[in-house]
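Enquirer: File final29.cif below, mmCIF, C-alpha atoms (C1' of nucleotides):
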data_data
loop_
_atom_site.label_atom_id
_atom_site.label_comp_id
_atom_site.auth_asym_id
_atom_site.auth_seq_id
_atom_site.Cartn_x
_atom_site.Cartn_y
_atom_site.Cartn_z
CA MET M 357 84.13 124.10 120.46
CA ALA M 358 84.60 127.83 120.03
CA ARG M 359 88.22 128.64 120.57
CA GLY M 360 89.14 132.28 120.89
CA ARG M 361 88.33 134.24 117.79
CA THR M 362 87.29 137.72 116.88
CA ALA M 363 83.71 138.65 116.25
CA ALA M 364 83.77 139.16 112.50
CA THR M 365 85.22 135.81 111.45
CA PRO M 366 82.83 133.01 110.53
CA PRO M 367 82.80 129.92 112.78
CA THR M 368 85.66 128.51 110.76
CA SER M 369 87.18 130.23 107.80
CA PRO M 370 86.79 128.50 104.45
CA LEU M 371 89.69 126.57 103.04
CA ASP M 372 92.05 128.57 100.92
CA GLU M 373 93.58 127.39 97.70
CA ARG M 374 96.53 125.64 99.30
CA GLU M 375 94.43 123.88 101.89
CA MET M 376 91.90 122.71 99.36
CA SER M 377 94.46 121.33 97.02
CA ALA M 378 96.28 119.50 99.77
CA TRP M 379 93.04 117.91 100.86
CA HIS M 380 92.01 116.91 97.37
CA ALA M 381 95.46 115.70 96.49
CA LEU M 382 95.44 113.44 99.52
CA ILE M 383 92.07 111.96 98.68
CA HIS M 384 92.66 111.46 95.01
CA ALA M 385 96.25 110.30 95.17
CA HIS M 386 95.38 107.79 97.83
CA ALA M 387 92.45 106.43 95.89
CA ARG M 388 94.41 106.11 92.73
CA ILE M 389 97.44 104.48 94.29
CA VAL M 390 95.53 102.07 96.42
CA ARG M 391 93.23 101.04 93.62
CA GLN M 392 96.06 100.29 91.23
CA LEU M 393 98.04 98.48 93.84
CA GLU M 394 95.11 96.43 94.91
CA ALA M 395 94.19 95.54 91.35
CA GLU M 396 97.68 94.21 90.70
CA LEU M 397 97.83 92.33 93.95
CA GLU M 398 94.46 90.80 93.33
CA ALA M 399 95.17 89.86 89.74
CA GLU M 400 98.53 88.27 90.41
CA HIS M 401 98.10 86.78 93.84
CA ALA M 402 94.43 86.87 94.77
CA LEU M 403 95.17 89.10 97.72
CA THR M 404 93.47 92.30 98.75
CA LEU M 405 95.65 95.06 100.11
CA PRO M 406 94.47 94.61 103.70
CA ALA M 407 95.14 90.89 103.36
CA TYR M 408 98.64 91.57 102.14
CA GLU M 409 99.23 93.94 104.99
CA VAL M 410 98.05 91.42 107.52
CA LEU M 411 100.48 88.84 106.19
CA ALA M 412 103.27 91.40 106.00
CA HIS M 413 102.81 92.62 109.54
CA LEU M 414 102.61 89.11 110.89
CA SER M 415 105.79 88.15 109.10
CA GLU M 416 107.67 90.92 110.84
CA ALA M 417 106.20 90.32 114.24
CA PRO M 418 108.03 88.34 116.90
CA ASP M 419 107.02 84.72 116.61
CA ARG M 420 105.05 85.65 113.50
CA ARG M 421 102.03 86.38 115.61
CA LEU M 422 100.03 89.41 116.69
CA ARG M 423 96.99 90.02 118.78
CA MET M 424 93.88 90.60 116.75
CA SER M 425 93.40 94.12 117.98
CA ASP M 426 96.98 95.16 117.28
CA LEU M 427 96.76 93.65 113.87
CA ALA M 428 93.56 95.57 113.27
CA SER M 429 95.22 98.91 113.81
CA TYR M 430 98.22 97.96 111.72
CA ALA M 431 96.05 96.86 108.87
CA VAL M 432 93.74 99.88 109.08
CA LEU M 433 90.69 97.83 109.82
CA THR M 434 88.05 97.79 112.50
CA PRO M 435 88.08 94.81 114.82
CA SER M 436 85.11 93.30 113.07
CA GLY M 437 86.71 93.77 109.71
CA LEU M 438 89.82 92.05 110.88
CA THR M 439 87.90 89.13 112.36
CA ARG M 440 86.42 88.37 108.97
CA LEU M 441 89.62 88.92 107.11
CA VAL M 442 91.40 86.51 109.41
CA ASP M 443 88.50 84.10 108.97
CA LYS M 444 89.09 84.19 105.28
CA LEU M 445 92.86 83.91 105.48
CA ALA M 446 92.48 81.03 107.91
CA ARG M 447 90.15 79.27 105.48
CA GLU M 448 92.90 79.56 102.89
CA GLY M 449 95.41 78.26 105.39
CA LEU M 450 97.53 81.40 105.38
CA VAL M 451 97.08 82.20 109.06
CA GLU M 452 95.93 80.38 112.15
CA ARG M 453 94.32 81.49 115.35
CA ALA M 454 95.92 80.77 118.69
CA ARG M 455 94.59 81.50 122.12
CA CYS M 456 96.70 83.37 124.59
CA ALA M 457 97.72 81.40 127.66
CA SER M 458 97.78 84.30 130.07
CA ASP M 459 94.64 86.07 128.93
CA ALA M 460 91.78 84.03 127.62
CA ARG M 461 90.23 87.01 125.92
CA VAL M 462 92.98 87.60 123.44
CA VAL M 463 93.47 85.73 120.25
CA TYR M 464 96.64 85.70 118.23
CA ALA M 465 96.74 85.52 114.50
CA VAL M 466 99.73 83.42 113.50
CA LEU M 467 101.32 83.29 110.09
CA THR M 468 101.51 79.75 108.71
CA ALA M 469 104.22 78.43 106.45
CA ALA M 470 101.78 78.67 103.58
CA GLY M 471 101.09 82.25 104.51
CA ALA M 472 104.76 83.07 104.58
CA ALA M 473 105.20 81.44 101.21
CA ARG M 474 102.31 83.34 99.71
CA LEU M 475 103.64 86.57 101.11
CA LYS M 476 107.02 85.88 99.62
CA THR M 477 105.60 85.51 96.14
CA ALA M 478 103.36 88.54 96.52
CA TYR M 479 106.05 90.78 97.90
CA PRO M 480 107.62 91.73 94.57
CA THR M 481 104.26 92.75 93.19
CA HIS M 482 103.54 94.92 96.17
CA LEU M 483 107.00 96.42 96.15
CA ARG M 484 106.85 97.16 92.47
CA GLY M 485 103.43 98.75 92.91
CA VAL M 486 104.44 101.01 95.76
CA ARG M 487 107.44 102.09 93.79
CA ALA M 488 105.64 102.60 90.52
CA HIS M 489 102.65 104.43 91.92
CA LEU M 490 104.20 106.38 94.76
CA VAL M 491 107.83 106.19 95.71
CA ASP M 492 109.50 106.46 92.35
CA ARG M 493 107.35 109.40 91.37
CA LEU M 494 108.51 111.57 94.23
CA GLN M 495 111.74 113.21 95.23
CA PRO M 496 113.41 111.95 98.39
CA ASP M 497 112.64 115.18 100.17
CA GLN M 498 109.00 114.88 99.16
CA LEU M 499 108.82 111.43 100.68
CA GLU M 500 110.38 112.82 103.79
CA ALA M 501 107.88 115.64 103.88
CA ILE M 502 104.94 113.28 103.52
CA ALA M 503 106.21 111.02 106.25
CA ALA M 504 106.85 113.95 108.54
CA ALA M 505 103.50 115.61 107.88
CA LEU M 506 101.21 112.61 107.72
CA GLY M 507 102.96 110.32 110.16
CA PRO M 508 101.74 112.15 113.25
CA LEU M 509 98.20 112.19 111.86
CA ALA M 510 98.28 108.45 111.44
CA SER M 511 99.25 107.63 115.00
CA TYR M 512 99.28 103.88 114.74
CA CYS M 513 98.26 103.43 118.34
CA PRO M 514 99.00 99.70 118.41
CA SER M 515 97.31 98.54 121.60
CA SER M 516 98.04 101.86 123.27
CA LEU M 517 95.57 104.77 123.27
CA MET T 1298 108.93 96.91 82.12
CA ALA T 1299 112.61 96.50 82.90
CA ARG T 1300 114.27 99.85 82.70
CA GLY T 1301 118.05 99.90 82.60
CA ARG T 1302 119.59 98.46 85.73
CA THR T 1303 122.79 96.76 86.63
CA ALA T 1304 123.10 93.04 87.03
CA ALA T 1305 123.59 92.78 90.77
CA THR T 1306 120.50 94.69 91.92
CA PRO T 1307 117.38 92.72 92.67
CA PRO T 1308 114.39 93.29 90.39
CA THR T 1309 113.43 96.23 92.58
CA SER T 1310 115.22 97.21 95.70
CA PRO T 1311 113.27 96.97 98.94
CA LEU T 1312 111.81 100.08 100.46
CA ASP T 1313 114.08 101.91 102.83
CA GLU T 1314 112.98 103.46 106.08
CA ARG T 1315 111.92 106.75 104.59
CA GLU T 1316 109.97 105.17 101.79
CA MET T 1317 108.20 102.77 104.09
CA SER T 1318 107.17 105.44 106.51
CA ALA T 1319 105.86 107.70 103.78
CA TRP T 1320 103.79 104.88 102.41
CA HIS T 1321 102.41 103.86 105.77
CA ALA T 1322 101.80 107.43 106.79
CA LEU T 1323 99.76 108.00 103.66
CA ILE T 1324 97.64 104.92 104.19
CA HIS T 1325 97.03 105.40 107.88
CA ALA T 1326 96.53 109.14 107.88
CA HIS T 1327 94.09 108.89 105.04
CA ALA T 1328 92.10 106.18 106.73
CA ARG T 1329 91.94 107.99 109.98
CA ILE T 1330 90.99 111.35 108.53
CA VAL T 1331 88.41 110.03 106.14
CA ARG T 1332 86.82 107.84 108.75
CA GLN T 1333 86.43 110.62 111.26
CA LEU T 1334 85.18 113.04 108.69
CA GLU T 1335 82.69 110.57 107.35
CA ALA T 1336 81.43 109.67 110.78
CA GLU T 1337 80.73 113.30 111.58
CA LEU T 1338 79.11 113.97 108.24
CA GLU T 1339 76.95 110.92 108.59
CA ALA T 1340 75.94 111.61 112.16
CA GLU T 1341 75.04 115.24 111.63
CA HIS T 1342 73.71 115.27 108.09
CA ALA T 1343 73.18 111.70 106.94
CA LEU T 1344 75.70 112.16 104.16
CA THR T 1345 78.58 109.94 103.19
CA LEU T 1346 81.78 111.62 102.13
CA PRO T 1347 81.34 110.75 98.44
CA ALA T 1348 77.78 112.07 98.64
CA TYR T 1349 79.02 115.31 100.09
CA GLU T 1350 81.63 115.58 97.40
CA VAL T 1351 79.09 115.03 94.70
CA LEU T 1352 76.92 117.83 96.04
CA ALA T 1353 79.93 120.08 96.51
CA HIS T 1354 81.25 119.57 93.02
CA LEU T 1355 77.86 120.09 91.49
CA SER T 1356 77.39 123.31 93.40
CA GLU T 1357 80.56 124.71 91.93
CA ALA T 1358 79.91 123.55 88.41
CA PRO T 1359 78.47 125.85 85.79
CA ASP T 1360 74.71 125.52 85.84
CA ARG T 1361 75.08 123.27 88.85
CA ARG T 1362 75.35 120.27 86.59
CA LEU T 1363 78.02 117.79 85.56
CA ARG T 1364 78.19 114.80 83.30
CA MET T 1365 78.05 111.54 85.19
CA SER T 1366 81.49 110.47 84.09
CA ASP T 1367 83.14 113.74 85.05
CA LEU T 1368 81.42 113.66 88.37
CA ALA T 1369 82.67 110.14 88.90
CA SER T 1370 86.28 111.17 88.61
CA TYR T 1371 85.79 114.20 90.81
CA ALA T 1372 84.14 112.12 93.47
CA VAL T 1373 86.69 109.32 93.24
CA LEU T 1374 84.16 106.73 92.24
CA THR T 1375 83.78 104.29 89.40
CA PRO T 1376 80.98 105.00 86.93
CA SER T 1377 78.88 102.27 88.43
CA GLY T 1378 79.43 103.57 91.91
CA LEU T 1379 78.38 107.02 90.85
CA THR T 1380 75.26 105.76 89.12
CA ARG T 1381 74.05 104.26 92.36
CA LEU T 1382 75.06 107.20 94.45
CA VAL T 1383 73.15 109.53 92.15
CA ASP T 1384 70.24 107.11 92.30
CA LYS T 1385 70.23 107.49 96.03
CA LEU T 1386 70.65 111.25 96.03
CA ALA T 1387 67.90 111.54 93.45
CA ARG T 1388 65.59 109.47 95.63
CA GLU T 1389 66.23 111.97 98.38
CA GLY T 1390 65.56 114.81 96.01
CA LEU T 1391 69.03 116.29 96.29
CA VAL T 1392 69.95 115.89 92.64
CA GLU T 1393 68.14 115.27 89.39
CA ARG T 1394 69.14 113.65 86.16
CA ALA T 1395 68.93 115.53 82.89
CA ARG T 1396 69.62 114.24 79.45
CA CYS T 1397 72.00 116.07 77.19
CA ALA T 1398 70.44 117.60 74.11
CA SER T 1399 73.42 117.21 71.83
CA ASP T 1400 74.48 113.71 72.86
CA ALA T 1401 71.84 111.26 73.96
CA ARG T 1402 74.37 109.07 75.68
CA VAL T 1403 75.35 111.54 78.32
CA VAL T 1404 73.41 112.23 81.46
CA TYR T 1405 73.85 115.25 83.63
CA ALA T 1406 73.48 115.20 87.36
CA VAL T 1407 71.92 118.48 88.43
CA LEU T 1408 71.87 119.90 91.92
CA THR T 1409 68.36 120.67 93.12
CA ALA T 1410 67.40 123.47 95.47
CA ALA T 1411 67.02 120.89 98.20
CA GLY T 1412 70.47 119.58 97.41
CA ALA T 1413 71.96 123.04 97.61
CA ALA T 1414 70.23 123.62 100.91
CA ARG T 1415 71.47 120.34 102.33
CA LEU T 1416 74.97 121.11 101.18
CA LYS T 1417 74.81 124.47 102.83
CA THR T 1418 73.97 122.98 106.19
CA ALA T 1419 76.56 120.24 105.83
CA TYR T 1420 79.33 122.52 104.73
CA PRO T 1421 80.35 123.72 108.20
CA THR T 1422 80.65 120.17 109.41
CA HIS T 1423 82.83 119.21 106.52
CA LEU T 1424 84.94 122.31 106.82
CA ARG T 1425 85.41 121.84 110.52
CA GLY T 1426 86.38 118.22 109.97
CA VAL T 1427 88.95 118.91 107.32
CA ARG T 1428 90.46 121.57 109.53
CA ALA T 1429 90.39 119.54 112.70
CA HIS T 1430 91.73 116.35 111.22
CA LEU T 1431 94.12 117.64 108.59
CA VAL T 1432 94.66 121.29 107.86
CA ASP T 1433 95.01 122.70 111.34
CA ARG T 1434 97.44 119.98 112.32
CA LEU T 1435 99.95 120.87 109.66
CA GLN T 1436 102.22 123.78 108.96
CA PRO T 1437 101.47 125.82 105.85
CA ASP T 1438 104.62 124.56 104.20
CA GLN T 1439 103.61 121.00 104.95
CA LEU T 1440 100.29 121.54 103.26
CA GLU T 1441 102.12 122.97 100.33
CA ALA T 1442 104.44 120.00 100.22
CA ILE T 1443 101.57 117.55 100.27
CA ALA T 1444 99.75 119.34 97.52
CA ALA T 1445 102.89 119.55 95.43
CA ALA T 1446 103.86 115.93 95.96
CA LEU T 1447 100.49 114.22 95.81
CA GLY T 1448 98.72 116.50 93.38
CA PRO T 1449 100.49 115.12 90.33
CA LEU T 1450 99.78 111.58 91.48
CA ALA T 1451 96.10 112.33 91.72
CA SER T 1452 95.71 113.60 88.17
CA TYR T 1453 92.04 114.38 88.25
CA CYS T 1454 91.60 113.64 84.57
CA PRO T 1455 88.11 115.10 84.39
CA SER T 1456 86.91 113.71 81.06
CA SER T 1457 90.38 114.23 79.62
CA LEU T 1458 93.34 112.09 80.54
"C1'" DG V 365 85.74 87.99 147.30
"C1'" DG V 366 81.95 89.55 144.56
"C1'" DG V 367 79.68 92.97 141.57
"C1'" DG V 368 80.34 96.52 138.20
"C1'" DA V 369 83.20 98.56 134.66
"C1'" DA V 370 86.60 97.78 131.10
"C1'" DT V 371 88.65 95.06 127.47
"C1'" DA V 372 89.01 91.42 123.54
"C1'" DG V 373 86.88 89.36 120.13
"C1'" DT V 374 82.98 87.80 117.41
"C1'" DT V 375 78.41 88.04 115.05
"C1'" DG V 376 73.88 89.98 112.68
"C1'" DC V 377 72.83 93.17 109.65
"C1'" DG V 378 73.01 96.30 106.07
"C1'" DC V 379 75.13 99.07 102.62
"C1'" DA V 380 78.49 101.00 99.54
"C1'" DA V 381 80.87 100.08 95.63
"C1'" DG V 382 83.91 97.46 92.17
"C1'" DC V 383 83.94 94.32 88.10
"C1'" DA V 384 82.11 92.50 84.10
"C1'" DA V 385 78.52 92.38 80.99
"C1'" DT V 386 74.95 94.97 78.54
"C1'" DC V 387 72.45 98.56 76.09
"C1'" DA V 388 72.25 102.80 73.71
"C1'" DT V 389 74.27 106.19 71.10
"C1'" DC V 390 77.78 108.34 68.47
"C1'" DT V 391 81.86 108.26 65.24
"C1'" DT V 392 84.44 106.77 61.55
"C1'" DC V 393 85.70 105.06 57.40
"C1'" DA V 394 85.32 101.83 53.67
"C1'" DT C 252 75.34 104.47 53.86
"C1'" DG C 253 76.03 101.02 56.81
"C1'" DA C 254 78.92 98.15 59.64
"C1'" DA C 255 82.61 98.17 63.17
"C1'" DG C 256 84.45 100.31 66.97
"C1'" DA C 257 84.27 103.92 70.82
"C1'" DT C 258 82.07 106.06 74.36
"C1'" DG C 259 78.57 106.92 78.18
"C1'" DA C 260 75.71 105.07 81.44
"C1'" DT C 261 73.41 101.46 83.76
"C1'" DT C 262 72.51 96.75 85.86
"C1'" DG C 263 73.59 91.86 88.08
"C1'" DC C 264 76.39 90.00 90.99
"C1'" DT C 265 79.43 89.71 94.65
"C1'" DT C 266 82.23 91.12 98.37
"C1'" DG C 267 84.42 93.84 101.81
"C1'" DC C 268 83.59 96.08 105.78
"C1'" DG C 269 81.60 99.31 109.36
"C1'" DC C 270 78.27 99.79 113.16
"C1'" DA C 271 75.90 98.10 116.96
"C1'" DA C 272 74.86 94.43 119.84
"C1'" DC C 273 76.49 90.45 122.24
"C1'" DT C 274 79.55 87.05 124.83
"C1'" DA C 275 83.52 86.00 127.43
"C1'" DT C 276 87.14 87.25 130.30
"C1'" DT C 277 89.75 90.25 133.28
"C1'" DC C 278 90.43 94.24 136.25
"C1'" DC C 279 89.25 97.18 139.97
"C1'" DC C 280 87.87 98.32 144.36
"C1'" DC C 281 84.54 98.69 148.02
#
Would you mind giving the structure from this file in structure tokens?

Expert:
Amino acid sequence: MARGRTAATPPTSPLDEREMSAWHALIHAHARIVRQLEAELEAEHALTLPAYEVLAHLSEAPDRRLRMSDLASYAVLTPSGLTRLVDKLAREGLVERARCASDARVVYAVLTAAGAARLKTAYPTHLRGVRAHLVDRLQPDQLEAIAAALGPLASYCPSSL
Amino acid sequence: MARGRTAATPPTSPLDEREMSAWHALIHAHARIVRQLEAELEAEHALTLPAYEVLAHLSEAPDRRLRMSDLASYAVLTPSGLTRLVDKLAREGLVERARCASDARVVYAVLTAAGAARLKTAYPTHLRGVRAHLVDRLQPDQLEAIAAALGPLASYCPSSL
DNA sequence: GGGGAATAGTTGCGCAAGCAATCATCTTCA
DNA sequence: TGAAGATGATTGCTTGCGCAACTATTCCCC
């Protein structure tokens, strides 16, 4: 816990102005962007953001299928959260479950034709939202900086780690 | 809606590599950081992150009190969410409600002594978390870049807008 | 090869929190 | 002044989702 430090400093020094504002900016910007995006997605296509992301990731996966646990990390959900989300999407016919031949423990979520179609219609909304609320409001170098700074903190860890 | 664009471009052009990775980095990093932070806060002090933020904002407010609606925007909650959170904190004796003399519609949330004490013990945990999961993993200029880029997108809008 | 640990996924449970509707109060302006 | 609209806060309802516990399968290795 205690890494080398001199006697007089407190356990950890308080956040300075820059640190505080970065932290708050991250929290607030995220909340605002995600909320708007989700509201639009929900209003126009009856999809939550995680649901959209599940469909999107499946559509880009080989064979349009992914293991549940990989999908969970992609979609920023816990395994249990993903199970229920896939339940729901399956009820709507947008994905299907498929067992894995070589390992009976794993389950694949597979994008159905209906799911692909739904994704296709929702895509413009999502794209427009990401642009309107994030991308188009930043300079290219700012986008780069965010990706470079936050990317390593995200560490997808799909199946690995 | 449609700002000037030439005929051949699609409604909105798809996200390029840089844009995609910034967007994903934001989503994933946020999720990861907030989850860890919240887990620690909850385990050590039985406080959710929004609850901590409410206490923290109150402690810095003049007279240790804030209007419900202002507090809601600070804490990144909807009014209804804040009402219930304050309900809960009040039940635990960490905050109190106070009516406003000049406007009977507004309610102040006021930090109690117990709330201040709880905040004081939770502060190190929060601080350590923000450092460990965000601040200490970035270069100073990266923090600056995040604050500069995301700050405007957050737009606190405390009571004003 | 069989027993214990690890891994994949699912469920029971509970809670946090958003939306829409409602109530109370204040403002405005005819 | 009094009726319509704004504003602040709360509640009913619903849902998404995380944790912890559980089952099923596979891996490891003695």

Enquirer: Taking all atoms listed in the file into account, which of T:His1423, T:Arg1402, T:His1342, T:Arg1415 comes nearest chain M?

Expert: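 Using all atoms listed in the file, the shortest distance to chain M belongs to T:His1423.
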
Enquirer: For chain M, work out the contacting residues on chain T at 9 Å, counting all atoms listed in the file, and write them as a PyMOL selection string.

Expert: chain T and resi 1308-1312+1315-1331+1371-1373+1421+1424-1425+1427-1428+1430-1432+1434-1437+1439-1453

Enquirer: List as a tab-separated table every residue of chain C that is in contact with chain T, defined as an atom at most 12 Å from one of its atoms (using all atoms listed in the file), together with the nearest atom pair and the distance in Å rounded to one decimal, sorted by chain and then rising number.

Expert:
residue	atom	partner	partner_atom	distance
C:DT258	C1'	T:Arg1402	CA	8.4
C:DG259	C1'	T:Arg1402	CA	5.3
C:DA260	C1'	T:Arg1402	CA	7.1
C:DT261	C1'	T:Thr1380	CA	7.1
C:DT262	C1'	T:Ser1377	CA	8.8
C:DG263	C1'	T:Ser1377	CA	11.7
C:DG269	C1'	T:Arg1332	CA	10.0
C:DC270	C1'	T:Ala1336	CA	10.6

Enquirer: Find the residue from V:DA384, V:DT374, V:DT389, V:DG368 that sits nearest to chain T; use all atoms listed in the file when measuring.

Expert: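 That would be V:DT389, the residue with the smallest distance to chain T.
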
Enquirer: How many Å lie between atom C1' of DC273 of chain C and atom C1' of DG373 of chain V, rounded to one decimal?

Expert: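 Separation between atom C1' of DC273 of chain C and atom C1' of DG373 of chain V: 10.7 Å.
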
Enquirer: Hey, what comes out of the PyMOL selection byres ((chain V) within 12 of (chain M)) on this file? Could you write it as a list of chain:residue names?

Expert: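 Applying the PyMOL selection byres ((chain V) within 12 of (chain M)) to the structure shown produces V:DT371, V:DA372, V:DG373, V:DT374, V:DT375, V:DG376, V:DG382, V:DC383.
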
Enquirer: List every protein, DNA or RNA residue that has at least one atom no more than 12 Å from (73.5, 106.2, 101.7) in the file's coordinates, counting only C-alpha atoms (C1' of nucleotides), and write the result as a JSON list (two decimals) with C-alpha atoms (C1' of nucleotides), in the frame of the given file.

Expert:
[["chain", "number", "residue", "atom", "x", "y", "z"],
["T", 1335, "GLU", "CA", 82.69, 110.57, 107.35],
["T", 1338, "LEU", "CA", 79.11, 113.97, 108.24],
["T", 1339, "GLU", "CA", 76.95, 110.92, 108.59],
["T", 1342, "HIS", "CA", 73.71, 115.27, 108.09],
["T", 1343, "ALA", "CA", 73.18, 111.70, 106.94],
["T", 1344, "LEU", "CA", 75.70, 112.16, 104.16],
["T", 1345, "THR", "CA", 78.58, 109.94, 103.19],
["T", 1346, "LEU", "CA", 81.78, 111.62, 102.13],
["T", 1347, "PRO", "CA", 81.34, 110.75, 98.44],
["T", 1348, "ALA", "CA", 77.78, 112.07, 98.64],
["T", 1349, "TYR", "CA", 79.02, 115.31, 100.09],
["T", 1378, "GLY", "CA", 79.43, 103.57, 91.91],
["T", 1379, "LEU", "CA", 78.38, 107.02, 90.85],
["T", 1381, "ARG", "CA", 74.05, 104.26, 92.36],
["T", 1382, "LEU", "CA", 75.06, 107.20, 94.45],
["T", 1383, "VAL", "CA", 73.15, 109.53, 92.15],
["T", 1384, "ASP", "CA", 70.24, 107.11, 92.30],
["T", 1385, "LYS", "CA", 70.23, 107.49, 96.03],
["T", 1386, "LEU", "CA", 70.65, 111.25, 96.03],
["T", 1387, "ALA", "CA", 67.90, 111.54, 93.45],
["T", 1388, "ARG", "CA", 65.59, 109.47, 95.63],
["T", 1389, "GLU", "CA", 66.23, 111.97, 98.38],
["V", 378, "DG", "C1'", 73.01, 96.30, 106.07],
["V", 379, "DC", "C1'", 75.13, 99.07, 102.62],
["V", 380, "DA", "C1'", 78.49, 101.00, 99.54],
["V", 381, "DA", "C1'", 80.87, 100.08, 95.63]]

Enquirer: What is the atom CA of Asp1360 of chain T to atom CA of Ser1399 of chain T distance in Å?

Expert: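 Spanning atom CA of Asp1360 of chain T to atom CA of Ser1399 of chain T is a straight-line distance of 16.3 Å.
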
Enquirer: Suppose you want the space between atom CA of Ala399 of chain M and atom CA of Ala412 of chain M; what is it in Å?

Expert: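 According to the coordinates, atom CA of Ala399 of chain M and atom CA of Ala412 of chain M are separated by 18.2 Å.
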
Enquirer: Check what the PyMOL selection byres ((chain C and resi 255) around 10) selects in the file above and give those residues as a PyMOL selection string.

Expert: (chain V and resi 392-393) or (chain C and resi 253-254+256-257)

Enquirer: Can you give me N, CA, C and O atoms for segment 391-403 of chain M, written as a PDB file, keeping the file's coordinate frame?

Expert:
ATOM      1  N   ARG M 391      94.005 101.823  94.564  1.00  0.00           N
ATOM      2  CA  ARG M 391      93.230 101.040  93.620  1.00  0.00           C
ATOM      3  C   ARG M 391      94.133 100.263  92.664  1.00  0.00           C
ATOM      4  O   ARG M 391      93.909  99.085  92.403  1.00  0.00           O
ATOM      5  N   GLN M 392      95.137 100.958  92.157  1.00  0.00           N
ATOM      6  CA  GLN M 392      96.060 100.290  91.230  1.00  0.00           C
ATOM      7  C   GLN M 392      96.766  99.143  91.933  1.00  0.00           C
ATOM      8  O   GLN M 392      96.829  98.022  91.433  1.00  0.00           O
ATOM      9  N   LEU M 393      97.298  99.465  93.080  1.00  0.00           N
ATOM     10  CA  LEU M 393      98.040  98.480  93.840  1.00  0.00           C
ATOM     11  C   LEU M 393      97.190  97.261  94.124  1.00  0.00           C
ATOM     12  O   LEU M 393      97.614  96.115  93.944  1.00  0.00           O
ATOM     13  N   GLU M 394      95.991  97.518  94.551  1.00  0.00           N
ATOM     14  CA  GLU M 394      95.110  96.430  94.910  1.00  0.00           C
ATOM     15  C   GLU M 394      94.738  95.595  93.683  1.00  0.00           C
ATOM     16  O   GLU M 394      94.681  94.367  93.748  1.00  0.00           O
ATOM     17  N   ALA M 395      94.533  96.260  92.565  1.00  0.00           N
ATOM     18  CA  ALA M 395      94.190  95.540  91.350  1.00  0.00           C
ATOM     19  C   ALA M 395      95.323  94.588  90.961  1.00  0.00           C
ATOM     20  O   ALA M 395      95.082  93.430  90.604  1.00  0.00           O
ATOM     21  N   GLU M 396      96.542  95.060  91.063  1.00  0.00           N
ATOM     22  CA  GLU M 396      97.680  94.210  90.700  1.00  0.00           C
ATOM     23  C   GLU M 396      97.821  93.036  91.653  1.00  0.00           C
ATOM     24  O   GLU M 396      98.022  91.896  91.237  1.00  0.00           O
ATOM     25  N   LEU M 397      97.695  93.355  92.930  1.00  0.00           N
ATOM     26  CA  LEU M 397      97.830  92.330  93.950  1.00  0.00           C
ATOM     27  C   LEU M 397      96.754  91.255  93.788  1.00  0.00           C
ATOM     28  O   LEU M 397      97.006  90.068  93.946  1.00  0.00           O
ATOM     29  N   GLU M 398      95.583  91.708  93.467  1.00  0.00           N
ATOM     30  CA  GLU M 398      94.460  90.800  93.330  1.00  0.00           C
ATOM     31  C   GLU M 398      94.621  89.932  92.076  1.00  0.00           C
ATOM     32  O   GLU M 398      94.409  88.721  92.113  1.00  0.00           O
ATOM     33  N   ALA M 399      95.043  90.581  91.007  1.00  0.00           N
ATOM     34  CA  ALA M 399      95.170  89.860  89.740  1.00  0.00           C
ATOM     35  C   ALA M 399      96.279  88.811  89.811  1.00  0.00           C
ATOM     36  O   ALA M 399      96.125  87.700  89.318  1.00  0.00           O
ATOM     37  N   GLU M 400      97.380  89.162  90.447  1.00  0.00           N
ATOM     38  CA  GLU M 400      98.530  88.270  90.410  1.00  0.00           C
ATOM     39  C   GLU M 400      98.589  87.287  91.568  1.00  0.00           C
ATOM     40  O   GLU M 400      99.222  86.245  91.468  1.00  0.00           O
ATOM     41  N   HIS M 401      97.957  87.650  92.675  1.00  0.00           N
ATOM     42  CA  HIS M 401      98.100  86.780  93.840  1.00  0.00           C
ATOM     43  C   HIS M 401      96.808  86.575  94.614  1.00  0.00           C
ATOM     44  O   HIS M 401      96.832  86.009  95.700  1.00  0.00           O
ATOM     45  N   ALA M 402      95.708  87.046  94.096  1.00  0.00           N
ATOM     46  CA  ALA M 402      94.430  86.870  94.770  1.00  0.00           C
ATOM     47  C   ALA M 402      94.473  87.371  96.205  1.00  0.00           C
ATOM     48  O   ALA M 402      93.986  86.719  97.119  1.00  0.00           O
ATOM     49  N   LEU M 403      95.108  88.519  96.387  1.00  0.00           N
ATOM     50  CA  LEU M 403      95.170  89.100  97.720  1.00  0.00           C
ATOM     51  C   LEU M 403      94.666  90.546  97.672  1.00  0.00           C
ATOM     52  O   LEU M 403      95.034  91.302  96.780  1.00  0.00           O
TER      53      LEU M 403
END
